[in-house]
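Student: My questions will all concern the structure given below.
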Amino acid sequence: MFKNIVERFIKKRASLRNKEIILVGTCLKSTEDDYLFFEEAEQAIEYAYYWYSKTDLTHTLPMKNGGYFPILQSNIVDVMEFSRYIQSLFEKSALPVVFSNNCESFTECIADYDRCDVGVININHRIDLVNSMSFIPMQGFVSILTQKPNTSMISVGVFEDIMTATELNLAKSLGVKWMNSASFYSTSALNLFNELEEFLFKHEVIALNIDLKTIVRGMTIKPPFAMDLELLLSAIKLCMHSKKVIFVHLTGENEALIFSKEVKAVLDVIRTKVENSLYAA
């Protein structure tokens, strides 16, 4: 009996060593000539780990610095190097938390993930995962849903007034579900959590993309406004509690978004839930 207790203790300690949260930064640039256009995004993303470590509360589980990967979109080597690094973190059962200026870094990594079915939860005022640099509507969104039949997506917090009929119809044809932003302002969030629980149950692993403009307050004086933070954090807790989240992607391109209290709250929730799940194992 004592031997079994020791073995369980050793296995648990080993799992604690292997479970890591790695904060990674990347900035996608269309050309080298656009340096000034991307300068603020690069500086904010490259410094994100150091910002969070200075504001950090004491945690048993450290969040490690995974480095910074500048990517020139026309350079396939840059893209492949970044994706291979994220795949290596998946293989180690580490949780990569990526700051990026563009969701294309998210779709590239999901496109290269081939171990099991993936459920994408997109917290965003828009349904699409769009390549905003080339402004080709739905390019990234279509690529992972048409090329990977074992991938599906739900978008949460969608502001339908800024969506075109073409985008909505295309999303429907691809089987994408969405919940509009009214779900975050209604008196009852039961429907939101029921939808998320059903989606979490259906998939082996979950990849979470969060558009920071959708969650950070004070970024606009007209709709769509930021989501309710407490409800948002509850939704993230629900996802993390499932123990299926393998990838978190935070999309934002300036200091006001990246160094915000909302982002810190999201990182704290992710870290606390991972920490608690390890010790509850």
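So you can find residues: chains in the structure tokens are A, B, ... in the order shown, residues in each start at 1, and ligands are numbered from 1 in order.
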Set the distance at 7 Å and use only C-alpha atoms: which residues neighbour stretch 268-275 of chain A once local chain neighbours fewer than 4 positions away are removed? I'd like the list as a count of residues only.

Tutor: 6

Student: Pick out the residues sitting within 12 Å of A:Lys54, and hand them over as a PDB file with N, CA and C atoms, in the first residue's frame; count only C-alpha atoms, and ignore anything fewer than 4 positions along from it in its own chain.

Tutor:
ATOM      1  N   TYR A  47       7.369  42.628 -25.376  1.00  0.00           N
ATOM      2  CA  TYR A  47       7.516  42.949 -23.960  1.00  0.00           C
ATOM      3  C   TYR A  47       6.414  42.325 -23.101  1.00  0.00           C
ATOM      4  N   ALA A  48       5.458  41.634 -23.713  1.00  0.00           N
ATOM      5  CA  ALA A  48       4.274  41.142 -22.989  1.00  0.00           C
ATOM      6  C   ALA A  48       4.632  40.246 -21.811  1.00  0.00           C
ATOM      7  N   TYR A  49       5.572  39.344 -22.003  1.00  0.00           N
ATOM      8  CA  TYR A  49       5.940  38.445 -20.907  1.00  0.00           C
ATOM      9  C   TYR A  49       6.488  39.229 -19.719  1.00  0.00           C
ATOM     10  N   TYR A  50       7.353  40.202 -19.982  1.00  0.00           N
ATOM     11  CA  TYR A  50       7.975  40.964 -18.898  1.00  0.00           C
ATOM     12  C   TYR A  50       6.945  41.838 -18.196  1.00  0.00           C
ATOM     13  N   THR A  58       1.687  35.867  -6.789  1.00  0.00           N
ATOM     14  CA  THR A  58       2.442  34.653  -6.519  1.00  0.00           C
ATOM     15  C   THR A  58       1.635  33.428  -6.935  1.00  0.00           C
ATOM     16  N   MET A  63       4.695  30.864 -15.118  1.00  0.00           N
ATOM     17  CA  MET A  63       4.446  31.033 -16.542  1.00  0.00           C
ATOM     18  C   MET A  63       5.782  31.362 -17.191  1.00  0.00           C
ATOM     19  N   PHE A 259      -1.474  45.478 -22.729  1.00  0.00           N
ATOM     20  CA  PHE A 259      -1.141  45.770 -21.331  1.00  0.00           C
ATOM     21  C   PHE A 259      -2.376  46.233 -20.558  1.00  0.00           C
ATOM     22  N   LYS A 264      -4.708  40.913 -18.213  1.00  0.00           N
ATOM     23  CA  LYS A 264      -4.123  40.349 -16.990  1.00  0.00           C
ATOM     24  C   LYS A 264      -5.121  39.429 -16.294  1.00  0.00           C
TER      25      LYS A 264
END

Student: Under the rule that only C-alpha atoms are counted, which of A:Ser93, A:Ser83, A:Asn75, A:Ser143 is the nearest residue to A:Ile22?

Tutor: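 Among A:Ser93, A:Ser83, A:Asn75, A:Ser143, it is A:Ser93 that comes nearest to A:Ile22.
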
Student: Just list as a PyMOL selection string whatever in stretch 18-262 of chain A DSSP marks as strand (DSSP E).

Tutor: chain A and resi 21-29+63-72+95-100+118-123+151-158+177-180+205-211+245-251

Student: Compare A:Thr146, A:Asn191, A:Asn124, A:Lys29 by their minimum atom-to-atom distance to A:Glu160, counting only C-alpha atoms, and give me the closest one.

Tutor: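 Ranked by minimum distance to A:Glu160, first place goes to A:Asn124.
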
Student: Set the distance at 12 Å and use only C-alpha atoms: which residues neighbour stretch 177-181 of chain A once local chain neighbours fewer than 6 positions away are removed? I'd like the list as a PyMOL selection string.

Tutor: chain A and resi 119-128+152-163+168-171+189+191-196+198-199+214-215+223-228+231-232

Student: What's around A:Lys243 at 12 Å? Count only C-alpha atoms, leave out sequence neighbours fewer than 4 positions away in its own chain, and write the answer as a list in words.

Tutor: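 Near neighbours after the sequence-gap exclusion: Lys19, Ser93, Leu95, Leu200, Phe201, His203, Glu204, Val205, Ile206, Ala207, Ile236, Lys237, Leu238, Cys239, Phe247, Ile270, Lys273, Val274, Glu275, Asn276, Ser277, Leu278, Ala280 and Ala281 of chain A.
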
Student: What's the separation between atom CA of A:Ala235 and atom CA of A:Glu91, in Å to one decimal place?

Tutor: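 A separation of 26.1 Å between them.
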
Student: According to DSSP computed on the backbone, where in stretch 191-277 of chain A is there alpha helix (DSSP H)? Give the residues as a ChimeraX atom specification.

Tutor: /A:191-202,212-215,229-241,255-258,261-277

Student: Atom CA of A:Ile21 and atom CA of A:Gly218, how far apart in Å?

Tutor: 29.0 Å

Student: Extract, using only C-alpha atoms, all DNA, RNA and protein residues at most 12 Å from A:Arg115, discarding same-chain residues fewer than 4 positions from it, and format them as a list of chain:residue names.

Tutor: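 Contacts, in chain order: A:Gln87, A:Phe90, A:Glu91, A:Ile110, A:Ala111, A:Lys148, A:Asn150, A:Thr151, A:Glu204, A:Val205, A:Ile246.
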
Student: I want to know what sits within 7 Å of A:Leu72, based on only C-alpha atoms, with residues of the same chain fewer than 5 positions away left out; could you give that as number ranges by chain?

Tutor: A: 28-31, 78
